[in-house]
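Structure file coords_13.cif (mmCIF, C-alpha atoms) follows.
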```cif
data_target
#
loop_
_atom_site.label_atom_id
_atom_site.label_comp_id
_atom_site.auth_asym_id
_atom_site.auth_seq_id
_atom_site.Cartn_x
_atom_site.Cartn_y
_atom_site.Cartn_z
CA VAL A 1 121.57 -24.49 -103.29
CA SER A 2 118.10 -24.04 -104.79
CA LEU A 3 117.06 -21.92 -101.78
CA VAL A 4 120.05 -19.59 -102.25
CA HIS A 5 119.32 -19.40 -105.96
CA ALA A 6 115.66 -18.58 -105.31
CA VAL A 7 116.49 -15.92 -102.71
CA LEU A 8 119.07 -14.26 -104.98
CA GLN A 9 116.43 -13.81 -107.68
CA ASN A 10 115.12 -10.87 -105.62
CA ASP A 11 117.12 -7.83 -106.77
CA ARG A 12 117.10 -6.17 -103.34
CA ILE A 13 118.53 -9.28 -101.65
CA TYR A 14 121.00 -9.89 -104.50
CA PHE A 15 122.47 -6.37 -104.26
CA ALA A 16 122.55 -6.55 -100.42
CA VAL A 17 124.49 -9.85 -100.53
CA LYS A 18 126.80 -8.47 -103.23
CA ASP A 19 127.56 -5.33 -101.18
CA LEU A 20 128.19 -7.42 -98.05
CA LEU A 21 130.64 -9.69 -99.93
CA LEU A 22 132.47 -6.70 -101.40
CA GLN A 23 132.76 -5.08 -97.97
CA LEU A 24 134.12 -8.31 -96.52
CA LEU A 25 136.65 -8.75 -99.30
CA ASN A 26 137.81 -5.15 -98.92
CA ASP A 27 138.43 -5.72 -95.19
CA GLU A 28 142.17 -6.40 -94.78
CA GLN A 29 141.77 -8.98 -92.00
CA VAL A 30 139.11 -10.93 -93.93
CA TYR A 31 141.25 -10.74 -97.08
CA ASN A 32 144.33 -12.07 -95.23
CA GLU A 33 142.37 -14.93 -93.66
CA LEU A 34 140.81 -15.82 -97.01
CA THR A 35 144.27 -15.81 -98.59
CA LYS A 36 145.57 -18.18 -95.89
CA LEU A 37 142.61 -20.48 -96.48
CA VAL A 38 143.26 -20.60 -100.23
CA VAL A 39 146.96 -21.33 -99.64
CA GLN A 40 146.12 -24.14 -97.21
CA LEU A 41 143.65 -25.63 -99.68
CA GLY A 42 146.26 -25.43 -102.43
CA GLU A 43 148.72 -27.41 -100.33
CA GLU A 44 146.36 -30.34 -99.75
CA ARG A 45 147.19 -33.33 -101.94
CA GLU A 46 143.55 -34.11 -102.70
CA VAL A 47 142.88 -30.55 -103.84
CA VAL A 48 145.98 -30.56 -106.06
CA GLN A 49 144.98 -33.91 -107.61
CA ALA A 50 141.40 -32.74 -108.20
CA THR A 51 142.67 -29.50 -109.77
CA GLN A 52 145.09 -31.39 -112.02
CA LYS A 53 142.32 -33.75 -113.09
CA LEU A 54 139.96 -30.86 -113.81
CA LEU A 55 142.59 -28.99 -115.84
CA THR A 56 143.59 -32.11 -117.78
CA GLU A 57 140.01 -32.99 -118.63
CA SER A 58 139.26 -29.38 -119.59
CA ALA A 59 142.31 -29.23 -121.84
CA HIS A 60 141.39 -32.53 -123.52
CA ARG A 61 137.79 -31.42 -124.08
CA THR A 62 138.98 -28.11 -125.48
CA LEU A 63 141.53 -29.71 -127.80
CA ASN A 64 138.97 -32.24 -129.04
CA ASP A 65 136.34 -29.59 -129.72
CA PRO A 66 135.60 -29.52 -133.48
CA GLU A 67 135.60 -25.70 -133.63
CA VAL A 68 138.95 -25.49 -131.86
CA LEU A 69 140.38 -28.12 -134.22
CA ASP A 70 139.10 -26.20 -137.26
CA HIS A 71 140.63 -22.92 -136.03
CA SER A 72 143.89 -24.69 -135.19
CA MET A 73 144.10 -26.15 -138.68
CA GLU A 74 143.40 -22.76 -140.26
CA PHE A 75 146.06 -21.14 -138.08
CA ALA A 76 148.61 -23.86 -138.86
CA THR A 77 147.91 -23.55 -142.58
CA GLU A 78 148.42 -19.78 -142.45
CA VAL A 79 151.61 -20.08 -140.42
CA VAL A 80 153.11 -22.78 -142.63
CA GLY A 81 152.22 -20.78 -145.73
CA ASP A 82 153.82 -17.55 -144.45
CA ASP A 83 157.13 -16.89 -146.25
CA VAL A 84 158.69 -15.05 -143.31
CA VAL A 85 157.88 -17.94 -140.96
CA GLN A 86 159.30 -20.44 -143.45
CA ARG A 87 162.54 -18.50 -143.80
CA SER A 88 163.04 -17.92 -140.10
CA GLY A 89 161.97 -21.50 -139.31
CA GLY A 90 164.40 -22.88 -141.87
CA GLU A 91 167.19 -20.73 -140.52
CA ALA A 92 166.43 -21.79 -136.95
CA LEU A 93 166.43 -25.44 -138.01
CA ARG A 94 169.77 -25.06 -139.81
CA ASN A 95 171.28 -23.32 -136.77
CA THR A 96 169.98 -26.05 -134.46
CA VAL A 97 171.36 -28.85 -136.59
CA GLY A 98 174.63 -26.98 -137.05
CA TYR A 99 174.98 -26.47 -133.32
CA ALA A 100 174.13 -30.11 -132.63
CA VAL A 101 176.84 -31.43 -134.96
CA GLN A 102 179.39 -28.70 -134.28
CA PRO A 103 182.26 -30.15 -132.27
CA SER A 104 183.24 -28.40 -129.08
CA GLY A 105 186.50 -26.49 -128.79
CA GLU A 106 188.00 -29.24 -126.65
CA ALA A 107 187.15 -31.90 -129.23
CA VAL A 108 188.71 -29.83 -132.02
CA LEU A 109 191.91 -29.26 -130.01
CA ALA A 110 192.12 -32.93 -129.01
CA GLY A 111 191.63 -34.01 -132.62
CA LEU A 112 194.19 -31.50 -133.86
CA GLY A 113 196.71 -32.61 -131.22
CA THR A 114 196.17 -36.27 -132.10
CA MET A 115 196.71 -35.52 -135.79
CA ILE A 116 199.94 -33.64 -135.06
CA VAL A 117 201.31 -36.44 -132.87
CA ALA A 118 200.32 -39.04 -135.49
CA GLY A 119 201.99 -36.96 -138.21
CA VAL A 120 205.21 -36.54 -136.22
CA LEU A 121 205.33 -40.26 -135.44
CA HIS A 122 204.62 -41.14 -139.07
CA PHE A 123 207.43 -38.94 -140.41
CA TYR A 124 209.82 -40.01 -137.67
CA LEU A 125 209.22 -43.69 -138.34
CA MET A 126 209.13 -43.39 -142.13
CA ARG A 127 212.18 -41.17 -142.58
CA GLY A 128 214.34 -42.04 -139.65
CA HIS A 129 214.14 -45.83 -139.74
CA GLY A 130 213.99 -47.39 -143.14
CA GLY A 131 210.67 -46.32 -144.55
CA SER A 132 208.15 -48.54 -142.76
CA PRO A 133 206.76 -48.46 -139.27
CA GLY A 134 207.65 -52.11 -138.73
CA ALA A 135 211.22 -51.49 -139.77
CA ALA A 136 211.78 -49.08 -136.91
CA ALA A 137 211.22 -51.75 -134.33
CA SER A 138 213.51 -54.29 -136.06
CA ALA A 139 216.17 -51.93 -137.37
CA PRO A 140 219.61 -52.26 -135.78
CA ARG A 141 220.76 -49.28 -133.77
CA ARG A 142 223.84 -47.48 -135.03
#
```
Have the structure of the file written as structure tokens, please.
Amino acid sequence: VSLVHAVLQNDRIYFAVKDLLLQLLNDEQVYNELTKLVVQLGEEREVVQATQKLLTESAHRTLNDPEVLDHSMEFATEVVGDDVVQRSGGEALRNTVGYAVQPSGEAVLAGLGTMIVAGVLHFYLMRGHGGSPGAAASAPRR
């Protein structure tokens, strides 16, 4: 690695290597083979695990960075203090809660049907058989 770094310090060699790499990448066959290699590497379990670990650690370091935390707090303060955001956020929250507690059409129809049947039975038993539901069962038939 140090040899490559030392050699690339020479501008003539650096530009020659850069031109060679660009020519190779612009070659369709080289590009296709490189693409296959990247896909194969991406399918290896060890590579996926290492990539996930790297991304997780990077995200944690970024989120724990004091500057990022300061900017996040400033942003959150501005967003929470914005009247338009408060109104639209409040409306979205009301709609969400309303949707969550709103009964479905089937539940409303089932409840309505149950109430109608209960009402019909109540009036039938109360008016047709002596005024109490228990009386209907014990009333003599005429």
### Query
Which value, in Å to one decimal, gives the distance between CA of Asp27 (chain A) and CA of Phe15 (chain A)?
18.4 Å
Can you tell me, as lines of an AutoDock Vina configuration file, the centre and edge lengths (Å, one decimal) of the axis-aligned box enclosing all of region 45-51 of chain A's listed atoms after padding each side by 6 Å?
```
center_x = 144.3
center_y = -31.8
center_z = -105.9
size_x = 17.8
size_y = 16.6
size_z = 19.8
```
### Task
Take CA of Asn10 (chain A) and CA of Gln23 (chain A) and report the distance between them in Å, one decimal.
20.1 Å
### Message
Can you measure CA of Val4 (chain A) to CA of Asn26 (chain A) for me? One decimal in Å is fine.
### Response
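If I compute the distance from CA of Val4 (chain A) to CA of Asn26 (chain A), I get 23.1 Å.
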